[in-house]
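This report refers to the structure that appears directly beneath it.
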Amino acid sequence: MYLPRVAAAAATLSSGVLIPLYINPIGGPDCSGWAPVLDSIAAHPSLPFWLIINPDSGPGAHGSQAPVEYQECIPVLRRSSNVLVLGYVPTFEGVASKRTGVAQDVDTYAGWGEAYRPDGIFFDQVSGTSGDFATYQGFVSHARPLFGGGDGFISLNPGTAVQDTAYYGIADLLLTAENFFNDFSTRDLSLGASTPASKQAVVLTDGPSSPPTSLISQLITTDKLKAFYVTTDSQAGGANPYDDLPTDLESFIAAVQAAQGA
């Protein structure tokens with residue numbers, strides 16, 4: 001029987017961190033690949049964490065179970081009530097030839113054992129256009145009932161402001177800015193009644209080695225963005241910016257919490 005997890009809703013703070021955890025946990029009793037994240041989760045029980053797992057540019061082969069190390073380590077993440085685990089699914093801008101594969105990825109995550117099944121889905125490569133809205137509405141309608149006891153968490157990643165604000169009505173969280181740290185400006189964000197900060201996240205790469213406290217203050221204290229993450233890992237030259245954690249993850253997370261007066 002599924003036991004509902006209040007998860008990130010159990011955290012008392014409004015804003016938290018969205019971490020693309022595209023790192024092998026390594027497995028074993030300590031899940032050493034994820035150790036810095038686990039330490040920060042334990043140190044900040046009032047802060048929401050949304051953690052995106054990505055075993056193989058998605059869940060792996062259609063109908064497969066999670067790799068053994070994920071079977072061992074996702075339950076460790078989920079011991080904390082301030083954590084939601086999201087399964088990564090690429091959507092290829094909603095092109096028709098890929099839609100079956102999107103549904104298969106969602107179904108594969110949904111078929112994982114209960115102990116390590118994600119709490120929801122992170123849809124990547126979202127077009128955000130009006131013309132594709134019905135496609136994404138279908139993806140979300142298919143996915144949401146399969147997780148979280150029938151009400152799974154859904155995040156969409158257009159990586160920029162969506163063309164059609166109707167996307168806010170179908171998702172719990174939109175990643176509306178994914179960029180190099182030095183190329184990002186808060187002016188890039190659209191914040192308003194139809195584009196609420198409470199449903200937006202920003203993820204930046206190639207960041208500084210110490211927490212960008214003024215930016216954290218603007219996004220978290222002033223704008224009240226739902227989630228923020230900066231990594232020192234680099235995407236320069238087409239590199240994967242999420243195959244390592246920031247050099248000082250804990251200081252960044254502590255700064256996000258401090259920005260909320262906690």
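Note on naming: chains are A, B, ... as they come in the structure tokens, residues start from 1 per chain, ligands start from 1 in the order shown.
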**Message:** Using only C-alpha atoms, which protein or nucleic acid residues come within 10 Å of Pro45 in chain A? Drop anything in the same chain fewer than 5 positions from it, and give the result as a list of chain:residue names.
**Reply:**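 Within the cut-off, the hits are A:Ala8, A:Ala10, A:Ala11, A:Thr12, A:Leu13, A:Ser40, A:Ser80, A:Ser81, A:Asn82, A:Val83.
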**Request:** Counting only C-alpha atoms, figure out which residue out of A:Ile52, A:Ala66, A:Phe139, A:Arg144 gets nearest to Trp112 in chain A.
**Result:**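 Closest to Trp112 in chain A of all the choices is A:Ala66.
For the set A:Asn240, A:Ser251, A:Thr195, A:Thr221, the residue with the smallest atom-to-atom gap to Ser15 in chain A is A:Thr221, counting only C-alpha atoms.
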**Asked** Tell me, which residues of range 97-177 of chain A carry DSSP helix (DSSP H, G or I), written as a ChimeraX atom specification?
**Response** /A:97-110,133-146,148-150,165-169
Please build the interface table for range 35-67 of chain A against range 113-117 of chain A with a cut-off of 12 Å, listing for each qualifying residue the nearest atom pair and the distance in Å to one decimal; count only C-alpha atoms, order rows by chain and increasing number, and write it as JSON lines.
{"residue": "A:Ile53", "atom": "CA", "partner": "A:Arg117", "partner_atom": "CA", "distance": 10.7}
{"residue": "A:Pro59", "atom": "CA", "partner": "A:Arg117", "partner_atom": "CA", "distance": 10.7}
{"residue": "A:Gly63", "atom": "CA", "partner": "A:Gly113", "partner_atom": "CA", "distance": 11.7}
{"residue": "A:Ser64", "atom": "CA", "partner": "A:Gly113", "partner_atom": "CA", "distance": 10.6}
{"residue": "A:Gln65", "atom": "CA", "partner": "A:Gly113", "partner_atom": "CA", "distance": 7.5}
{"residue": "A:Ala66", "atom": "CA", "partner": "A:Tyr116", "partner_atom": "CA", "distance": 8.0}
{"residue": "A:Pro67", "atom": "CA", "partner": "A:Tyr116", "partner_atom": "CA", "distance": 10.4}
Keeping C-alpha atoms, export the residues of the selection given above as a compact mmCIF listing (two decimals), in the first residue's frame.
# COMPACT_ATOMS: atom_id res chain seq x y z
CA ILE A 53 17.61 11.78 -10.51
CA PRO A 59 15.14 5.91 -16.33
CA GLY A 63 10.07 -1.37 -18.41
CA SER A 64 13.36 -1.73 -16.54
CA GLN A 65 13.91 -1.32 -12.82
CA ALA A 66 16.29 1.25 -11.36
CA PRO A 67 20.00 0.38 -11.28
**Request:** Output as a ChimeraX atom specification all residues of range 62-258 of chain A that backbone DSSP marks as strand (DSSP E or B).
**Result:** /A:83-90,120-124,153-156,173-180,200-205,227-230
With only C-alpha atoms as the counted atoms, please give the residues lying no more than 10 Å from Gln104 in chain A, apart from itself and same-chain residues fewer than 3 positions off, as a PDB file with N, CA and C atoms, in the first residue's frame.
ATOM      1  N   PRO A  59      15.099   7.049 -17.257  1.00  0.00           N
ATOM      2  CA  PRO A  59      15.144   5.914 -16.329  1.00  0.00           C
ATOM      3  C   PRO A  59      15.921   4.705 -16.825  1.00  0.00           C
ATOM      4  N   ALA A  61      16.126   1.586 -19.967  1.00  0.00           N
ATOM      5  CA  ALA A  61      15.292   0.867 -20.937  1.00  0.00           C
ATOM      6  C   ALA A  61      13.842   0.796 -20.478  1.00  0.00           C
ATOM      7  N   HIS A  62      12.941   0.868 -21.463  1.00  0.00           N
ATOM      8  CA  HIS A  62      11.515   0.814 -21.164  1.00  0.00           C
ATOM      9  C   HIS A  62      11.181  -0.437 -20.363  1.00  0.00           C
ATOM     10  N   GLY A  63      10.493  -0.258 -19.239  1.00  0.00           N
ATOM     11  CA  GLY A  63      10.071  -1.372 -18.406  1.00  0.00           C
ATOM     12  C   GLY A  63      11.119  -1.885 -17.441  1.00  0.00           C
ATOM     13  N   VAL A  89      12.939  13.210 -17.365  1.00  0.00           N
ATOM     14  CA  VAL A  89      12.403  12.741 -18.652  1.00  0.00           C
ATOM     15  C   VAL A  89      12.632  13.833 -19.700  1.00  0.00           C
ATOM     16  N   ARG A  99       7.076  11.469 -28.715  1.00  0.00           N
ATOM     17  CA  ARG A  99       6.049  11.488 -27.672  1.00  0.00           C
ATOM     18  C   ARG A  99       5.824  10.112 -27.048  1.00  0.00           C
ATOM     19  N   THR A 100       5.887   9.076 -27.842  1.00  0.00           N
ATOM     20  CA  THR A 100       5.723   7.731 -27.284  1.00  0.00           C
ATOM     21  C   THR A 100       6.835   7.427 -26.294  1.00  0.00           C
ATOM     22  N   GLY A 101       8.064   7.833 -26.637  1.00  0.00           N
ATOM     23  CA  GLY A 101       9.195   7.607 -25.744  1.00  0.00           C
ATOM     24  C   GLY A 101       9.056   8.356 -24.431  1.00  0.00           C
ATOM     25  N   ASP A 107       6.243   5.814 -17.664  1.00  0.00           N
ATOM     26  CA  ASP A 107       5.735   4.524 -17.225  1.00  0.00           C
ATOM     27  C   ASP A 107       6.836   3.672 -16.584  1.00  0.00           C
ATOM     28  N   THR A 108       8.055   3.804 -17.089  1.00  0.00           N
ATOM     29  CA  THR A 108       9.162   3.044 -16.512  1.00  0.00           C
ATOM     30  C   THR A 108       9.430   3.489 -15.081  1.00  0.00           C
ATOM     31  N   TYR A 109       9.508   4.797 -14.854  1.00  0.00           N
ATOM     32  CA  TYR A 109       9.666   5.278 -13.461  1.00  0.00           C
ATOM     33  C   TYR A 109       8.511   4.800 -12.582  1.00  0.00           C
ATOM     34  N   ALA A 110       7.297   4.870 -13.125  1.00  0.00           N
ATOM     35  CA  ALA A 110       6.125   4.479 -12.341  1.00  0.00           C
ATOM     36  C   ALA A 110       6.148   2.995 -11.980  1.00  0.00           C
TER      37      ALA A 110
END
**For Thr165 in chain A: contacts at 9 Å, only C-alpha atoms, fewer than 5 positions along chain excluded, given as a ChimeraX atom specification** = /A:128,130,194-195
For the selection you just gave me, I'd like the residues written to a file as a PDB file, in the first residue's frame, keeping N, CA, C and O atoms.
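Written output follows (selection_11.pdb):
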ATOM      1  N   GLY A 128       7.472  25.219 -24.289  1.00  0.00           N
ATOM      2  CA  GLY A 128       6.814  26.371 -23.673  1.00  0.00           C
ATOM      3  C   GLY A 128       5.951  27.188 -24.622  1.00  0.00           C
ATOM      4  O   GLY A 128       5.460  28.261 -24.253  1.00  0.00           O
ATOM      5  N   SER A 130       2.663  28.031 -27.222  1.00  0.00           N
ATOM      6  CA  SER A 130       1.214  27.807 -27.245  1.00  0.00           C
ATOM      7  C   SER A 130       0.852  26.592 -28.095  1.00  0.00           C
ATOM      8  O   SER A 130      -0.039  25.813 -27.746  1.00  0.00           O
ATOM      9  N   SER A 194       0.077  35.977 -13.279  1.00  0.00           N
ATOM     10  CA  SER A 194      -0.058  34.775 -14.120  1.00  0.00           C
ATOM     11  C   SER A 194       1.245  33.985 -14.224  1.00  0.00           C
ATOM     12  O   SER A 194       1.262  32.902 -14.808  1.00  0.00           O
ATOM     13  N   THR A 195       2.324  34.560 -13.673  1.00  0.00           N
ATOM     14  CA  THR A 195       3.634  33.896 -13.681  1.00  0.00           C
ATOM     15  C   THR A 195       4.227  33.983 -12.272  1.00  0.00           C
ATOM     16  O   THR A 195       5.228  34.649 -12.040  1.00  0.00           O
TER      17      THR A 195
END
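Shortest atom-to-atom contact with Phe133 in chain A among A:Ser209, A:Tyr22, A:Gly159, A:Val95: A:Val95, counting only C-alpha atoms.
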